[in-house]
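Shown next: run.txt, containing compact mmCIF, C-alpha atoms.
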```
# COMPACT_ATOMS: atom_id res chain seq x y z
CA MET A 1 13.79 43.17 -4.24
CA ALA A 2 15.06 43.13 -7.82
CA ASN A 3 12.67 43.89 -10.66
CA THR A 4 12.02 40.98 -12.96
CA SER A 5 12.08 41.55 -16.71
CA THR A 6 10.55 39.08 -19.16
CA THR A 7 13.96 37.96 -20.43
CA ASP A 8 14.85 36.68 -16.94
CA VAL A 9 11.86 34.37 -16.73
CA ASP A 10 12.95 30.72 -16.85
CA LEU A 11 9.81 28.85 -17.95
CA VAL A 12 9.07 25.32 -16.75
CA GLY A 13 8.70 22.81 -19.63
CA SER A 14 5.26 21.31 -20.35
CA GLU A 15 6.09 17.73 -19.31
CA MET A 16 7.68 18.97 -16.10
CA THR A 17 4.66 21.17 -15.41
CA LEU A 18 2.32 18.18 -15.65
CA ASN A 19 4.60 16.16 -13.35
CA VAL A 20 4.73 18.98 -10.79
CA ALA A 21 0.94 19.30 -10.92
CA ARG A 22 0.47 15.54 -10.46
CA VAL A 23 2.99 15.36 -7.61
CA ALA A 24 1.25 18.23 -5.81
CA LEU A 25 -2.22 16.74 -6.39
CA PHE A 26 -1.12 13.33 -5.13
CA ALA A 27 0.52 14.85 -2.06
CA ALA A 28 -2.70 16.78 -1.39
CA LEU A 29 -4.73 13.60 -1.95
CA MET A 30 -2.57 11.88 0.70
CA GLY A 31 -3.48 14.76 2.99
CA ALA A 32 -7.18 14.33 2.21
CA PHE A 33 -6.89 10.54 2.85
CA ALA A 34 -5.55 11.30 6.33
CA TYR A 35 -9.05 12.52 7.26
CA VAL A 36 -10.87 9.45 5.91
CA SER A 37 -11.06 6.36 8.08
CA PHE A 38 -12.85 3.07 7.60
CA PRO A 39 -13.51 0.54 10.37
CA ASN A 40 -10.85 -2.18 10.50
CA PRO A 41 -12.69 -5.43 9.63
CA LEU A 42 -10.71 -7.48 12.19
CA VAL A 43 -10.15 -4.94 14.99
CA PRO A 44 -13.10 -2.51 14.81
CA SER A 45 -11.66 -0.28 17.55
CA VAL A 46 -8.62 0.63 15.42
CA PRO A 47 -9.74 2.62 12.37
CA VAL A 48 -7.92 2.20 9.04
CA THR A 49 -6.69 5.44 7.51
CA LEU A 50 -5.97 5.46 3.83
CA GLN A 51 -2.49 6.99 3.92
CA VAL A 52 -0.54 3.81 3.14
CA LEU A 53 -2.95 3.23 0.26
CA GLY A 54 -2.01 6.72 -0.94
CA VAL A 55 1.65 5.62 -0.91
CA PHE A 56 0.79 2.57 -3.05
CA LEU A 57 -1.29 4.55 -5.53
CA ALA A 58 1.34 7.29 -5.92
CA ALA A 59 3.91 4.60 -6.76
CA ILE A 60 1.55 2.80 -9.16
CA PHE A 61 0.38 5.87 -11.06
CA LEU A 62 3.44 8.15 -10.91
CA GLY A 63 6.28 5.57 -10.85
CA PRO A 64 9.14 5.30 -8.35
CA VAL A 65 10.74 8.71 -8.94
CA TRP A 66 7.70 11.01 -9.05
CA GLY A 67 5.80 8.83 -6.57
CA GLY A 68 8.69 9.12 -4.11
CA ALA A 69 8.87 12.86 -4.82
CA ALA A 70 5.13 13.18 -4.04
CA MET A 71 5.76 11.61 -0.63
CA VAL A 72 8.69 13.98 0.07
CA VAL A 73 6.43 16.91 -0.84
CA TYR A 74 3.68 15.51 1.43
CA LEU A 75 6.08 15.30 4.40
CA LEU A 76 7.57 18.72 3.76
CA ALA A 77 4.11 20.29 3.44
CA GLY A 78 3.10 18.74 6.76
CA ALA A 79 6.33 19.83 8.47
CA LEU A 80 5.79 23.41 7.27
CA GLY A 81 2.24 23.60 8.58
CA VAL A 82 -0.20 22.31 5.94
CA PRO A 83 -2.64 20.11 7.96
CA VAL A 84 -2.02 16.85 6.04
CA PHE A 85 -0.95 14.39 8.74
CA SER A 86 -3.44 11.98 10.35
CA SER A 87 -6.61 13.76 11.51
CA GLY A 88 -5.39 17.14 10.30
CA SER A 89 -2.28 17.58 12.41
CA ALA A 90 0.86 19.32 11.12
CA GLY A 91 4.22 20.65 12.18
CA LEU A 92 7.78 19.51 12.68
CA GLY A 93 6.75 17.91 16.00
CA SER A 94 4.79 15.16 14.17
CA PHE A 95 8.10 13.59 13.14
CA PHE A 96 9.01 13.23 16.82
CA GLY A 97 5.62 11.73 17.75
CA ALA A 98 4.41 8.15 18.03
CA THR A 99 3.82 7.79 14.28
CA GLY A 100 6.93 9.69 13.11
CA GLY A 101 8.57 6.51 11.82
CA TYR A 102 5.68 5.67 9.48
CA LEU A 103 5.84 9.15 7.99
CA VAL A 104 9.55 8.89 7.25
CA SER A 105 9.06 5.47 5.61
CA TYR A 106 6.60 6.72 2.95
CA PRO A 107 9.13 8.03 0.36
CA PHE A 108 11.19 4.82 0.64
CA ALA A 109 8.10 2.62 0.42
CA ALA A 110 6.76 4.54 -2.60
CA PHE A 111 10.10 4.25 -4.39
CA LEU A 112 10.29 0.51 -3.69
CA VAL A 113 6.70 -0.21 -4.79
CA GLY A 114 7.19 1.87 -7.95
CA ALA A 115 10.51 0.23 -8.85
CA VAL A 116 9.17 -3.32 -8.36
CA ILE A 117 5.86 -2.75 -10.14
CA HIS A 118 7.27 -0.87 -13.12
CA GLY A 119 10.54 -2.88 -13.22
CA GLY A 120 12.65 0.31 -13.42
CA PHE A 121 12.46 4.07 -13.09
CA GLU A 122 10.03 4.77 -15.96
CA PRO A 123 6.33 4.15 -15.18
CA ASP A 124 4.30 1.86 -17.50
CA ALA A 125 0.52 2.05 -17.88
CA PRO A 126 -0.79 0.69 -14.52
CA LYS A 127 -3.31 -1.60 -16.26
CA SER A 128 -0.50 -3.42 -18.10
CA VAL A 129 1.02 -4.60 -14.80
CA SER A 130 -0.04 -8.11 -13.72
CA VAL A 131 -2.01 -8.64 -10.50
CA GLY A 132 0.79 -10.83 -9.09
CA ARG A 133 3.38 -8.13 -9.64
CA LEU A 134 1.15 -5.48 -8.02
CA ILE A 135 0.63 -7.65 -4.94
CA VAL A 136 4.34 -8.55 -4.62
CA GLY A 137 5.37 -4.90 -4.97
CA MET A 138 2.95 -3.68 -2.33
CA ALA A 139 3.59 -6.62 0.02
CA LEU A 140 7.33 -5.84 -0.08
CA ALA A 141 6.62 -2.26 1.01
CA VAL A 142 4.68 -3.27 4.14
CA PRO A 143 7.81 -4.50 6.03
CA VAL A 144 9.58 -1.28 5.01
CA VAL A 145 6.81 0.84 6.56
CA TYR A 146 6.85 -1.17 9.79
CA ALA A 147 10.66 -1.32 9.87
CA PHE A 148 10.55 2.46 10.34
CA GLY A 149 7.33 2.64 12.34
CA ILE A 150 7.93 0.11 15.12
CA PRO A 151 11.50 1.11 16.17
CA VAL A 152 10.51 4.80 16.24
CA TYR A 153 7.47 4.02 18.42
CA TRP A 154 9.73 1.89 20.65
CA TYR A 155 12.38 4.62 20.96
CA TYR A 156 10.16 7.71 21.34
CA LEU A 157 7.72 6.13 23.79
CA ASP A 158 10.35 4.26 25.80
CA VAL A 159 8.36 0.98 25.84
CA THR A 160 9.48 -2.66 25.53
CA TRP A 161 9.75 -4.26 22.08
CA THR A 162 6.68 -6.41 22.77
CA THR A 163 4.51 -3.36 23.48
CA ALA A 164 5.89 -1.57 20.42
CA ILE A 165 5.23 -4.55 18.13
CA VAL A 166 1.65 -4.94 19.44
CA ASN A 167 0.70 -1.24 19.50
CA ALA A 168 2.48 -0.09 16.36
CA GLY A 169 2.47 -3.29 14.30
CA LEU A 170 0.06 -6.16 14.94
CA LEU A 171 -3.01 -3.95 15.46
CA PHE A 172 -2.59 -2.41 12.00
CA LEU A 173 -1.23 -5.34 10.01
CA PRO A 174 -4.59 -6.95 8.99
CA ALA A 175 -5.67 -3.64 7.47
CA GLU A 176 -2.71 -3.67 5.07
CA ALA A 177 -4.16 -6.71 3.29
CA VAL A 178 -7.42 -4.79 2.78
CA LYS A 179 -5.49 -1.85 1.33
CA ILE A 180 -3.55 -4.06 -1.08
CA ALA A 181 -6.82 -5.66 -2.23
CA ALA A 182 -8.36 -2.21 -2.70
CA ALA A 183 -5.35 -0.97 -4.72
CA VAL A 184 -5.51 -4.00 -7.05
CA GLY A 185 -9.25 -3.43 -7.46
CA ILE A 186 -8.66 0.21 -8.37
CA VAL A 187 -5.93 -0.44 -10.94
CA HIS A 188 -7.92 -3.18 -12.72
CA SER A 189 -11.27 -1.41 -12.58
CA ASP A 190 -13.13 -0.57 -15.79
CA ARG A 191 -14.23 2.70 -14.25
CA LEU A 192 -10.75 4.19 -14.16
CA ASN A 193 -10.40 6.57 -17.13
CA THR A 194 -7.06 8.08 -16.26
CA ALA A 195 -3.47 7.05 -16.96
CA MET B 196 -7.77 21.47 12.02
CA LEU B 197 -4.38 22.97 12.79
CA SER B 198 -3.59 25.90 10.51
CA TYR B 199 -2.28 29.47 10.32
CA GLU B 200 -4.26 32.15 12.15
CA PRO B 201 -3.49 35.77 11.18
CA GLY B 202 -2.42 37.92 14.12
CA ASP B 203 0.25 40.28 15.43
CA SER B 204 1.65 38.36 18.41
CA LEU B 205 5.40 38.34 19.05
CA ALA B 206 5.67 34.91 17.38
CA HIS B 207 3.86 36.19 14.29
CA ARG B 208 6.53 38.87 13.88
CA LEU B 209 9.50 36.49 14.14
CA ASP B 210 11.36 35.21 11.08
CA PRO B 211 10.23 31.61 10.33
CA ARG B 212 13.85 30.45 10.48
CA SER B 213 14.26 31.46 14.12
CA LYS B 214 10.96 29.72 14.97
CA LEU B 215 12.21 26.53 13.27
CA ALA B 216 15.48 26.80 15.24
CA VAL B 217 13.55 27.15 18.52
CA GLN B 218 11.50 24.03 17.68
CA ILE B 219 14.59 21.95 16.90
CA GLY B 220 16.25 23.16 20.11
CA PHE B 221 13.11 22.31 22.09
CA VAL B 222 13.01 18.76 20.70
CA ALA B 223 16.68 18.25 21.67
CA VAL B 224 16.15 19.54 25.19
CA ALA B 225 12.94 17.54 25.70
CA PHE B 226 14.73 14.32 24.74
CA ALA B 227 17.72 15.17 26.96
CA TYR B 228 15.63 15.96 30.06
CA THR B 229 12.85 13.33 30.12
CA THR B 230 12.61 13.35 33.92
CA PRO B 231 9.69 14.53 36.09
CA ARG B 232 11.58 17.70 37.03
CA GLY B 233 12.85 18.37 33.51
CA LEU B 234 9.36 17.97 32.04
CA ALA B 235 7.86 20.23 34.74
CA VAL B 236 10.28 23.00 33.70
CA LEU B 237 9.60 22.33 30.01
CA THR B 238 5.83 22.50 30.65
CA ALA B 239 6.32 26.03 31.99
CA VAL B 240 8.50 26.85 28.95
CA THR B 241 5.80 25.46 26.61
CA VAL B 242 3.07 27.53 28.27
CA GLY B 243 5.35 30.57 27.89
CA MET B 244 5.91 29.86 24.19
CA LEU B 245 2.18 29.39 23.58
CA ALA B 246 1.61 32.75 25.30
CA VAL B 247 4.16 34.41 22.98
CA ALA B 248 2.24 32.83 20.06
CA ALA B 249 -1.13 34.05 21.46
CA THR B 250 -2.34 30.42 21.45
CA PRO B 251 -4.24 29.42 24.64
CA PRO B 252 -3.01 26.01 25.95
CA TRP B 253 -6.52 24.54 25.68
CA THR B 254 -6.62 25.44 21.96
CA ALA B 255 -3.31 23.63 21.44
CA LEU B 256 -4.65 20.61 23.39
CA ALA B 257 -7.85 20.54 21.34
CA GLU B 258 -5.72 20.38 18.17
CA LEU B 259 -3.86 17.39 19.60
CA LYS B 260 -6.79 15.34 20.88
CA TYR B 261 -6.48 12.78 18.07
CA VAL B 262 -2.96 11.73 19.08
CA LEU B 263 -3.90 11.26 22.73
CA PRO B 264 -5.23 7.64 22.44
CA LEU B 265 -2.07 6.41 20.70
CA LEU B 266 0.14 8.14 23.29
CA ALA B 267 -1.94 6.84 26.22
CA ALA B 268 -1.77 3.28 24.84
CA ALA B 269 2.00 3.08 25.44
CA PRO B 270 2.03 3.33 29.26
CA ALA B 271 -1.28 1.43 29.50
CA VAL B 272 -0.04 -1.62 27.58
CA GLU B 273 3.38 -1.46 29.23
CA ALA B 274 1.89 -1.67 32.74
CA LEU B 275 0.08 -4.94 31.91
CA THR B 276 1.86 -8.17 32.80
CA LEU B 277 0.91 -11.73 31.87
CA GLY B 278 0.25 -13.30 35.28
CA SER B 279 0.04 -11.97 38.84
CA PRO B 280 0.02 -9.08 39.77
CA TRP B 281 -1.28 -8.22 36.22
CA VAL B 282 -0.66 -4.48 36.52
CA VAL B 283 2.80 -3.09 37.39
CA VAL B 284 2.52 0.68 37.68
CA ALA B 285 6.30 1.17 37.90
CA ASP B 286 6.70 -0.20 34.33
CA ALA B 287 4.43 2.55 33.02
CA VAL B 288 6.48 5.48 34.37
CA ALA B 289 9.09 5.72 31.58
CA PRO B 290 6.55 5.41 28.72
CA ALA B 291 4.26 7.93 30.45
CA LEU B 292 7.09 10.47 30.67
CA ALA B 293 7.99 9.78 27.04
CA ALA B 294 4.36 10.24 25.93
CA TYR B 295 4.12 13.51 27.83
CA ARG B 296 7.34 14.70 26.19
CA ILE B 297 5.79 14.07 22.76
CA LEU B 298 2.73 16.08 23.79
CA LEU B 299 4.94 19.08 24.68
CA VAL B 300 6.85 18.83 21.37
CA LEU B 301 3.56 18.74 19.46
CA ALA B 302 2.23 21.76 21.39
CA VAL B 303 5.34 23.78 20.47
CA SER B 304 5.06 22.84 16.82
CA ALA B 305 1.34 23.78 16.93
CA ALA B 306 2.48 27.27 17.97
CA TYR B 307 4.70 27.45 14.85
CA VAL B 308 1.90 26.28 12.58
CA ARG B 309 -0.57 28.81 14.01
CA THR B 310 1.79 31.77 13.63
CA THR B 311 3.56 31.11 10.31
CA PRO B 312 1.87 31.52 6.91
CA VAL B 313 2.73 28.70 4.50
CA ARG B 314 4.15 31.16 1.93
CA GLU B 315 6.80 32.23 4.45
CA SER B 316 7.77 28.60 5.07
CA ARG B 317 7.90 28.14 1.30
CA ALA B 318 10.26 31.11 1.04
CA VAL B 319 12.56 29.44 3.60
CA VAL B 320 12.67 26.24 1.53
CA GLN B 321 13.36 28.06 -1.73
CA ARG B 322 16.01 30.23 -0.17
CA HIS B 323 17.94 27.47 1.58
CA VAL B 324 17.49 24.40 -0.65
CA PRO B 325 19.67 25.14 -3.69
CA GLY B 326 18.64 25.20 -7.35
CA ARG B 327 15.61 23.65 -8.97
CA THR B 328 15.15 21.11 -6.15
CA GLY B 329 14.34 23.98 -3.80
CA GLN B 330 12.05 25.61 -6.39
CA PHE B 331 10.27 22.30 -7.00
CA LEU B 332 9.77 21.60 -3.29
CA GLY B 333 8.68 25.16 -2.54
CA MET B 334 6.09 25.41 -5.29
CA SER B 335 4.75 21.91 -4.68
CA VAL B 336 4.18 22.72 -1.00
CA ALA B 337 2.27 25.84 -2.00
CA PHE B 338 0.11 23.80 -4.42
CA VAL B 339 -0.60 21.14 -1.77
CA PHE B 340 -1.80 23.90 0.53
CA ARG B 341 -4.14 25.23 -2.14
CA PHE B 342 -5.52 21.85 -3.26
CA LEU B 343 -6.03 20.19 0.12
CA PRO B 344 -9.44 21.79 0.85
CA VAL B 345 -10.63 21.13 -2.73
CA LEU B 346 -9.75 17.42 -2.57
CA GLN B 347 -11.23 17.09 0.93
CA ALA B 348 -14.49 18.52 -0.38
CA ASP B 349 -14.35 16.07 -3.33
CA LEU B 350 -13.88 13.12 -0.96
CA ALA B 351 -16.63 14.26 1.39
CA ARG B 352 -19.03 14.61 -1.57
CA ILE B 353 -18.16 11.12 -2.86
CA ARG B 354 -18.67 9.55 0.58
CA ASP B 355 -22.01 11.32 1.01
CA ALA B 356 -23.15 9.98 -2.34
CA GLN B 357 -22.01 6.49 -1.35
CA ARG B 358 -23.88 6.65 1.97
CA ALA B 359 -27.04 7.94 0.32
CA ARG B 360 -27.03 4.86 -1.97
CA LEU B 361 -26.45 2.35 0.87
CA GLY B 362 -22.82 1.93 -0.24
CA THR B 363 -21.95 1.41 3.44
CA GLU B 364 -23.45 -2.10 3.20
CA ARG B 365 -20.66 -3.27 0.86
CA PRO B 366 -17.40 -4.95 2.04
CA VAL B 367 -14.69 -2.55 3.24
CA HIS B 368 -12.22 -3.09 0.38
CA GLU B 369 -14.96 -2.46 -2.22
CA ARG B 370 -16.03 0.72 -0.43
CA ILE B 371 -12.46 1.98 -0.28
CA ALA B 372 -11.90 1.12 -3.95
CA SER B 373 -15.07 2.85 -5.12
CA VAL B 374 -14.40 6.03 -3.11
CA LEU B 375 -10.82 6.17 -4.32
CA LEU B 376 -11.68 5.50 -7.97
CA SER B 377 -13.81 8.62 -8.05
CA ALA B 378 -11.25 10.59 -6.04
CA LEU B 379 -8.39 9.55 -8.35
CA ASP B 380 -10.31 10.37 -11.51
CA GLY B 381 -11.10 13.79 -10.06
CA ALA B 382 -7.49 14.40 -9.00
CA PHE B 383 -6.08 13.46 -12.43
CA ASP B 384 -8.59 15.72 -14.17
CA ARG B 385 -7.68 18.54 -11.85
CA SER B 386 -3.93 18.04 -12.30
CA GLU B 387 -4.27 18.27 -16.10
CA ARG B 388 -6.39 21.41 -15.96
CA PHE B 389 -4.05 22.84 -13.36
CA ALA B 390 -0.96 22.16 -15.52
CA ASP B 391 -2.65 23.95 -18.47
CA ALA B 392 -3.53 26.89 -16.23
CA LEU B 393 0.05 27.11 -14.90
CA GLN B 394 1.50 27.17 -18.40
CA ALA B 395 -0.98 29.81 -19.52
CA ARG B 396 0.36 31.97 -16.67
CA CYS B 397 4.09 31.63 -17.48
CA PHE B 398 4.87 29.03 -14.80
CA ALA B 399 8.56 29.74 -14.11
CA TRP B 400 11.50 28.41 -12.12
CA ASN B 401 12.25 31.87 -10.76
CA PRO B 402 9.16 33.51 -9.26
CA THR B 403 9.34 36.53 -6.93
CA LEU B 404 8.97 35.52 -3.28
CA PRO B 405 8.30 37.40 -0.04
CA ALA B 406 11.53 38.78 1.40
CA LEU B 407 12.81 37.08 4.56
CA ARG B 408 14.51 39.39 7.03
CA PHE B 409 15.83 38.85 10.55
CA THR B 410 14.86 41.74 12.88
CA TRP B 411 16.06 42.57 16.38
CA LEU B 412 13.16 40.44 17.69
CA ASP B 413 14.85 37.34 16.29
CA GLY B 414 17.92 37.87 18.51
CA PRO B 415 16.26 36.60 21.72
CA ALA B 416 14.59 33.71 19.81
CA LEU B 417 17.92 32.55 18.40
CA VAL B 418 19.50 32.86 21.86
CA VAL B 419 16.70 30.65 23.26
CA ALA B 420 17.24 28.09 20.47
CA GLY B 421 21.00 28.10 21.09
CA GLY B 422 20.42 27.74 24.85
CA PHE B 423 18.18 24.70 24.32
CA LEU B 424 20.77 22.99 22.12
CA LEU B 425 23.57 23.79 24.56
CA ALA B 426 21.54 22.42 27.50
CA ALA B 427 20.83 19.23 25.53
CA VAL B 428 24.47 18.75 24.53
CA VAL B 429 25.67 19.33 28.13
CA THR B 430 23.48 16.47 29.46
CA VAL B 431 24.27 14.03 26.70
CA VAL B 432 28.07 14.54 26.86
```
The structure given in the file should be rewritten as structure tokens.
Amino acid sequence: MANTSTTDVDLVGSEMTLNVARVALFAALMGAFAYVSFPNPLVPSVPVTLQVLGVFLAAIFLGPVWGGAAMVVYLLAGALGVPVFSSGSAGLGSFFGATGGYLVSYPFAAFLVGAVIHGGFEPDAPKSVSVGRLIVGMALAVPVVYAFGIPVYWYYLDVTWTTAIVNAGLLFLPAEAVKIAAAVGIVHSDRLNTA
Amino acid sequence: MLSYEPGDSLAHRLDPRSKLAVQIGFVAVAFAYTTPRGLAVLTAVTVGMLAVAATPPWTALAELKYVLPLLAAAPAVEALTLGSPWVVVADAVAPALAAYRILLVLAVSAAYVRTTPVRESRAVVQRHVPGRTGQFLGMSVAFVFRFLPVLQADLARIRDAQRARLGTERPVHERIASVLLSALDGAFDRSERFADALQARCFAWNPTLPALRFTWLDGPALVVAGGFLLAAVVTVV
């Protein structure tokens, strides 16, 4: 191992440092959300986890680029063994499980939500975005998440399309509306001091 | 919660890269041989791998209990038919085999997680993903690992406070919003303090990492990984 002298140290700039810290904190927050479930108001037997809400919030607060990066970091951390996937699971195998498709969709969904809401790559202050735009952005991401989630469930579990659409789609769809409502409530709340 | 357990089993002493190769090979072979006989052989292989990782099979199963309902739902729903005879067991065979295959893949990846410290996995990323992208991904993964328990504790505290004040009586979207508002505020505060702390400690693009080295032990592991891939390719072609 080579010795490091001070002249070799390549410091990270201050703006980049804050972005790295925010990306890591958001990815960790996604991991913490995976442990929190609320009862689904329409189908009480299927609990709602907050992960998709984490995708929305990362896109709203960090923008498309850093929000998408936070999701990539979340997936990589889970693949390498940090227990951040639903109910504290981890490992490369999760990508080949029933919910592998949802996981892979998160970076794409975060990028899309961020790009629509902020109208470009640079994030604006979340409070300056209209409610309509927030809802459209998040609603557009829902088909993206299911476009990955349902075919992967269909393929990995070798079921018919009907079963895949019921088990991996319809049971969870009503909860997405609750998450979008919650995200709008958060962004336009007077209690939010940050960003 | 599935996480690294210190130990000195054979799997603990392997290079993380050979363990990743074995996992990828195992996934390929499990997808190529999703038959009753193939899965019976792979079950024996999985039990063997868990033994090498000093992870009892029941421990691995306990880690996976949360995915069981979702896996069991596939054959259960598939067997149902609208109209007589209502339940067709034959329809459930393929999804049941597929669900069992996923269980084996998850058990093998649980063995990796239990025997590989996150800093070793980080070293793999930073060594093999070029430039600043690799550095960024590697350090972010390390930070996620460190902050996860802190943020979980934050969330648990917020939910306790909400329950104590009868917050559970409010509509679901309001409850979610109020828990997350506090969690977000906390996370942003932490990220700013954390960024200051990193800069105060010369946060750099080129930190010194643990050395990765293949030993003679990795030879057999890489042979196993290669064998899996070969077996998978032979069936598919």
Taking a cut-off of 6 Å and counting all atoms listed in the file, can you build a table that, for each residue of chain B near chain A, reports the nearest atom pair and how far apart they are in Å (one decimal), sorted by chain then residue number, as a tab-separated table?
```
residue	atom	partner	partner_atom	distance
B:Met196	CA	A:Gly88	CA	5.2
B:Leu197	CA	A:Ser89	CA	5.8
B:Pro290	CA	A:Asp158	CA	4.9
B:Ala293	CA	A:Leu157	CA	4.9
B:Ala294	CA	A:Leu157	CA	5.7
B:Ile297	CA	A:Gly97	CA	5.5
B:Val300	CA	A:Gly93	CA	5.4
B:Leu301	CA	A:Gly93	CA	4.8
B:Ser304	CA	A:Gly91	CA	5.2
B:Val308	CA	A:Gly81	CA	4.8
B:Ser316	CA	A:Leu80	CA	6.0
B:Ser335	CA	A:Ala24	CA	5.2
B:Val336	CA	A:Ala77	CA	5.1
B:Phe338	CA	A:Ala24	CA	5.9
B:Val339	CA	A:Ala28	CA	4.9
B:Phe340	CA	A:Val82	CA	5.9
B:Leu343	CA	A:Ala28	CA	5.0
B:Gln347	CA	A:Ala32	CA	5.1
B:His368	CA	A:Ala182	CA	5.0
B:Ala372	CA	A:Ala182	CA	5.0
B:Ser386	CA	A:Ala21	CA	5.2
B:Ala390	CA	A:Leu18	CA	5.2
B:Phe398	CA	A:Leu11	CA	5.9
B:Ala399	CA	A:Leu11	CA	4.1
B:Trp400	CA	A:Asp10	CA	5.5
```
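What separates atom CA of Gly132 of chain A from atom CA of Ile371 of chain B is a distance of 20.4 Å.
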Considering only C-alpha atoms, return as a PyMOL selection string whatever protein or nucleic-acid residues lie within 9 Å of Val129 of chain A, sequence-local ones (same chain, fewer than 3 positions apart) excluded.
-> chain A and resi 117-118+124-126+132-134+187
Using all atoms listed in the file, which residues sit within 12 Å of Leu237 of chain B once same-chain residues fewer than 5 positions away are excluded, as a PyMOL selection string?
-> chain B and resi 220-232+242-244+295-300+302-303+423
Could you jot down the atom CA of Gln218 of chain B to atom CA of Tyr146 of chain A separation for me, Å, one decimal place?
->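 Answer for the atom CA of Gln218 of chain B to atom CA of Tyr146 of chain A separation: 26.8 Å.
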Hey, can you check how far atom CA of Gln357 of chain B sits from atom CA of Pro344 of chain B?
->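 Distance reported for this atom pair: 19.9 Å.
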Tell me which of B:Glu364, B:Asp349, B:Asp203, B:Glu315 sits closest to Gly333 of chain B, counting only C-alpha atoms.
->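 Of B:Glu364, B:Asp349, B:Asp203, B:Glu315, the one nearest Gly333 of chain B is B:Glu315, counting only C-alpha atoms.
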Smallest atom-to-atom distance to Leu376 of chain B: which of B:Leu350, B:Val319, B:Ala427, B:Ala206, using all atoms listed in the file?
-> B:Leu350
Near Met138 of chain A, within 6 Å and counting all atoms listed in the file, which residues show up once chain neighbours fewer than 3 positions away are dropped, as an MDAnalysis selection string?
-> chainID A and resid 113 135 141
Selected residue of minimal separation from Asp210 of chain B among B:Leu245, B:Leu424, B:Leu407, B:Ala348, counting only C-alpha atoms |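 The closest residue to Asp210 of chain B is B:Leu407.
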So for segment 116-127 of chain A, what box centre and size do we get, axis-aligned, 3 Å extra on each of the six sides, every listed atom, Å to one decimal, as JSON?
```
{"center_x": 4.7, "center_y": 0.7, "center_z": -13.1, "size_x": 22.0, "size_y": 14.1, "size_z": 15.5}
```
Counting all atoms listed in the file, the residue of B:Gly421, B:Pro402, B:Pro415, B:Pro252 that sits nearest Arg317 of chain B | B:Pro402
Name all residues at most 7 Å from Gly101 of chain A (count all atoms listed in the file; drop same-chain ones fewer than 2 positions away) and give them as a list in words.
->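 The residues satisfying every condition are Thr99, Leu103, Val104, Ser105, Phe148, Gly149 and Val152 of chain A.
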Write only N, CA and C atoms for segment 17-29 of chain A from the block just shown, as an mmCIF file, in the first residue's frame.
```cif
data_model
loop_
_atom_site.group_PDB
_atom_site.id
_atom_site.type_symbol
_atom_site.label_atom_id
_atom_site.label_comp_id
_atom_site.auth_asym_id
_atom_site.auth_seq_id
_atom_site.Cartn_x
_atom_site.Cartn_y
_atom_site.Cartn_z
ATOM 1 N N THR A 17 -19.527 18.215 -1.736
ATOM 2 C CA THR A 17 -19.607 17.535 -0.440
ATOM 3 C C THR A 17 -21.044 17.537 0.076
ATOM 4 N N LEU A 18 -21.706 18.701 -0.034
ATOM 5 C CA LEU A 18 -23.089 18.788 0.455
ATOM 6 C C LEU A 18 -23.993 17.864 -0.372
ATOM 7 N N ASN A 19 -23.757 17.826 -1.696
ATOM 8 C CA ASN A 19 -24.568 16.935 -2.530
ATOM 9 C C ASN A 19 -24.346 15.468 -2.174
ATOM 10 N N VAL A 20 -23.087 15.092 -1.952
ATOM 11 C CA VAL A 20 -22.802 13.705 -1.571
ATOM 12 C C VAL A 20 -23.494 13.384 -0.253
ATOM 13 N N ALA A 21 -23.401 14.304 0.711
ATOM 14 C CA ALA A 21 -24.023 14.076 2.019
ATOM 15 C C ALA A 21 -25.531 13.932 1.870
ATOM 16 N N ARG A 22 -26.149 14.779 1.041
ATOM 17 C CA ARG A 22 -27.614 14.706 0.863
ATOM 18 C C ARG A 22 -28.022 13.418 0.158
ATOM 19 N N VAL A 23 -27.257 13.045 -0.869
ATOM 20 C CA VAL A 23 -27.555 11.803 -1.590
ATOM 21 C C VAL A 23 -27.509 10.623 -0.625
ATOM 22 N N ALA A 24 -26.440 10.571 0.198
ATOM 23 C CA ALA A 24 -26.291 9.445 1.121
ATOM 24 C C ALA A 24 -27.415 9.446 2.154
ATOM 25 N N LEU A 25 -27.760 10.644 2.665
ATOM 26 C CA LEU A 25 -28.822 10.721 3.675
ATOM 27 C C LEU A 25 -30.169 10.315 3.081
ATOM 28 N N PHE A 26 -30.431 10.732 1.838
ATOM 29 C CA PHE A 26 -31.702 10.348 1.217
ATOM 30 C C PHE A 26 -31.757 8.853 0.946
ATOM 31 N N ALA A 27 -30.617 8.297 0.501
ATOM 32 C CA ALA A 27 -30.589 6.851 0.255
ATOM 33 C C ALA A 27 -30.818 6.105 1.574
ATOM 34 N N ALA A 28 -30.214 6.600 2.653
ATOM 35 C CA ALA A 28 -30.408 5.965 3.962
ATOM 36 C C ALA A 28 -31.851 6.132 4.434
ATOM 37 N N LEU A 29 -32.445 7.296 4.125
ATOM 38 C CA LEU A 29 -33.834 7.551 4.509
ATOM 39 C C LEU A 29 -34.766 6.577 3.776
#
```
